[in-house]
>>> print(open('protein-v1.pdb').read())   # PDB, C-alpha atoms, pLDDT in the B column
MODEL        1
ATOM      1  CA  MET A 132     -10.644   2.914 -23.525  1.00 59.00           C
ATOM      2  CA  ALA A 133     -12.255   2.803 -20.105  1.00 63.00           C
ATOM      3  CA  TYR A 134     -10.842   4.636 -17.115  1.00 79.00           C
ATOM      4  CA  ASN A 135     -10.085   2.579 -14.041  1.00 80.00           C
ATOM      5  CA  LYS A 136      -8.133   2.951 -10.826  1.00 85.00           C
ATOM      6  CA  ARG A 137      -6.077  -0.236 -11.022  1.00 87.00           C
ATOM      7  CA  GLY A 138      -2.755   1.614 -10.738  1.00 90.00           C
ATOM      8  CA  TYR A 139      -4.010   3.595  -7.758  1.00 92.00           C
ATOM      9  CA  TYR A 140      -5.099   0.465  -5.915  1.00 92.00           C
ATOM     10  CA  ARG A 141      -1.865  -1.403  -6.721  1.00 91.00           C
ATOM     11  CA  ARG A 142       0.136   1.531  -5.357  1.00 94.00           C
ATOM     12  CA  ALA A 143      -2.128   1.635  -2.299  1.00 94.00           C
ATOM     13  CA  MET A 144      -1.546  -2.078  -1.633  1.00 93.00           C
ATOM     14  CA  VAL A 145       2.235  -1.626  -1.894  1.00 94.00           C
ATOM     15  CA  ILE A 146       2.163   1.378   0.444  1.00 96.00           C
ATOM     16  CA  GLN A 147      -0.032  -0.473   2.935  1.00 95.00           C
ATOM     17  CA  GLU A 148       2.347  -3.444   2.879  1.00 95.00           C
ATOM     18  CA  ILE A 149       5.390  -1.232   3.519  1.00 95.00           C
ATOM     19  CA  THR A 150       3.535   0.474   6.356  1.00 95.00           C
ATOM     20  CA  LYS A 151       2.495  -2.881   7.836  1.00 95.00           C
ATOM     21  CA  ARG A 152       6.158  -3.967   7.897  1.00 95.00           C
ATOM     22  CA  HIS A 153       7.542  -0.824   9.540  1.00 95.00           C
ATOM     23  CA  TYR A 154       4.756   0.770  11.630  1.00 95.00           C
ATOM     24  CA  GLU A 155       4.607   0.169  15.377  1.00 93.00           C
ATOM     25  CA  PRO A 156       2.030   1.952  17.526  1.00 89.00           C
ATOM     26  CA  GLU A 157       3.221   4.054  20.460  1.00 88.00           C
ATOM     27  CA  ARG A 158       6.768   4.410  19.078  1.00 90.00           C
ATOM     28  CA  GLN A 159       7.789   7.855  17.887  1.00 88.00           C
ATOM     29  CA  ASP A 160      10.496   6.522  15.577  1.00 89.00           C
ATOM     30  CA  ARG A 161       8.037   4.139  13.881  1.00 92.00           C
ATOM     31  CA  CYS A 162       4.846   6.205  13.682  1.00 93.00           C
ATOM     32  CA  TYR A 163       3.067   6.918  10.380  1.00 95.00           C
ATOM     33  CA  ALA A 164       4.960  10.165   9.855  1.00 95.00           C
ATOM     34  CA  ALA A 165       8.314   8.451  10.386  1.00 95.00           C
ATOM     35  CA  VAL A 166       7.403   5.604   8.002  1.00 95.00           C
ATOM     36  CA  TRP A 167       6.301   8.155   5.404  1.00 96.00           C
ATOM     37  CA  ARG A 168       9.461  10.211   5.882  1.00 95.00           C
ATOM     38  CA  LYS A 169      11.845   7.256   5.711  1.00 95.00           C
ATOM     39  CA  TYR A 170      10.288   4.865   3.162  1.00 95.00           C
ATOM     40  CA  ILE A 171       7.424   6.441   1.226  1.00 95.00           C
ATOM     41  CA  ARG A 172       8.205  10.100   0.488  1.00 95.00           C
ATOM     42  CA  HIS A 173      11.205   9.612  -1.795  1.00 94.00           C
ATOM     43  CA  THR A 174      10.054   6.360  -3.370  1.00 94.00           C
ATOM     44  CA  PHE A 175       6.547   7.454  -4.398  1.00 94.00           C
ATOM     45  CA  GLY A 176       6.883  11.243  -4.274  1.00 95.00           C
ATOM     46  CA  ILE A 177       3.643  11.871  -2.382  1.00 95.00           C
ATOM     47  CA  CYS A 178       2.828  14.208   0.488  1.00 96.00           C
ATOM     48  CA  TYR A 179       1.786  13.077   3.960  1.00 97.00           C
ATOM     49  CA  ALA A 180      -1.915  13.755   3.334  1.00 96.00           C
ATOM     50  CA  SER A 181      -1.844  11.568   0.216  1.00 96.00           C
ATOM     51  CA  TYR A 182      -0.025   8.872   2.186  1.00 96.00           C
ATOM     52  CA  LEU A 183      -2.833   8.809   4.754  1.00 96.00           C
ATOM     53  CA  ARG A 184      -5.369   8.614   1.918  1.00 96.00           C
ATOM     54  CA  TYR A 185      -3.538   5.611   0.448  1.00 96.00           C
ATOM     55  CA  LEU A 186      -3.642   3.887   3.839  1.00 96.00           C
ATOM     56  CA  LYS A 187      -7.449   4.180   3.883  1.00 95.00           C
ATOM     57  CA  ALA A 188      -7.932   2.909   0.317  1.00 92.00           C
ATOM     58  CA  THR A 189      -9.546  -0.501   0.011  1.00 90.00           C
ATOM     59  CA  PRO A 190      -9.183  -2.238  -3.353  1.00 84.00           C
ATOM     60  CA  PRO A 191     -12.251  -3.753  -4.980  1.00 81.00           C
ATOM     61  CA  ALA A 192     -12.837  -7.478  -4.549  1.00 78.00           C
ATOM     62  CA  ASP A 193     -11.902  -8.323  -8.144  1.00 75.00           C
ATOM     63  CA  MET A 194      -8.348  -7.020  -7.622  1.00 74.00           C
ATOM     64  CA  THR A 195      -7.634  -9.044  -4.494  1.00 67.00           C
ATOM     65  CA  ALA A 196      -9.047 -12.361  -5.724  1.00 61.00           C
ATOM     66  CA  PRO A 197      -6.954 -14.328  -8.231  1.00 58.00           C
ATOM     67  CA  THR A 198      -8.257 -14.360 -11.772  1.00 58.00           C
ATOM     68  CA  PRO A 199      -9.608 -17.660 -13.134  1.00 66.00           C
ATOM     69  CA  LYS A 200      -6.872 -17.706 -15.819  1.00 69.00           C
ATOM     70  CA  GLN A 201      -4.158 -17.630 -13.162  1.00 66.00           C
ATOM     71  CA  LEU A 202      -2.782 -21.087 -12.398  1.00 66.00           C
ATOM     72  CA  SER A 203      -2.360 -22.232  -8.848  1.00 69.00           C
ATOM     73  CA  LEU A 204       0.649 -24.136  -7.589  1.00 74.00           C
ATOM     74  CA  PHE A 205      -1.510 -27.091  -6.574  1.00 74.00           C
ATOM     75  CA  ASP A 206      -3.735 -27.409  -9.666  1.00 61.00           C
ATOM     76  CA  GLU A 207      -3.965 -30.906 -11.069  1.00 60.00           C
TER      77      GLU A 207
ENDMDL
END
>>> encode(input="protein-v1.pdb", output="structure tokens")
Amino acid sequence: MAYNKRGYYRRAMVIQEITKRHYEPERQDRCYAAVWRKYIRHTFGICYASYLRYLKATPPADMTAPTPKQLSLFDE
């Protein structure tokens, strides 16, 4: 069985989405540390340094593009 980082990148995308919803620059109650403290720390159980690492993670192109087997809503 091959090793891959699919779970890591899925978790990173979820964390980035949560951060995108709640982060506001120049607000102390909505900075990265506050978002981590309020939403991320207890849900994912990661430290602040790991949280910052997840924010920098970019998934490979094959994970973001839909697979050819996946049906689209507007396929004929």
>>> resolve_selection(input="protein-v1.pdb", expression="the PyMOL selection byres ((chain A and resi 157-171) around 12)", output="PyMOL selection string")
chain A and resi 142-143+145-156+172-183+185-186
>>> atom_distance(input="protein-v1.pdb", atom1="CA of Met144 (chain A)", atom2="CA of Ala188 (chain A)")
8.3 Å
>>> axis_aligned_box(input="protein-v1.pdb", around="region 141-149 of chain A", padding_each_side="4 Å", output="JSON")
{"center_x": 1.6, "center_y": -0.9, "center_z": -1.6, "size_x": 15.5, "size_y": 13.1, "size_z": 18.2}
>>> resolve_selection(input="protein-v1.pdb", expression="the PyMOL selection byres ((chain A and resi 137) around 12)", output="list in words")
Ala133, Tyr134, Asn135, Lys136, Gly138, Tyr139, Tyr140, Arg141, Arg142, Ala143, Met144, Ala188, Thr189, Pro190, Pro191, Ala192, Asp193, Met194 and Thr195 of chain A
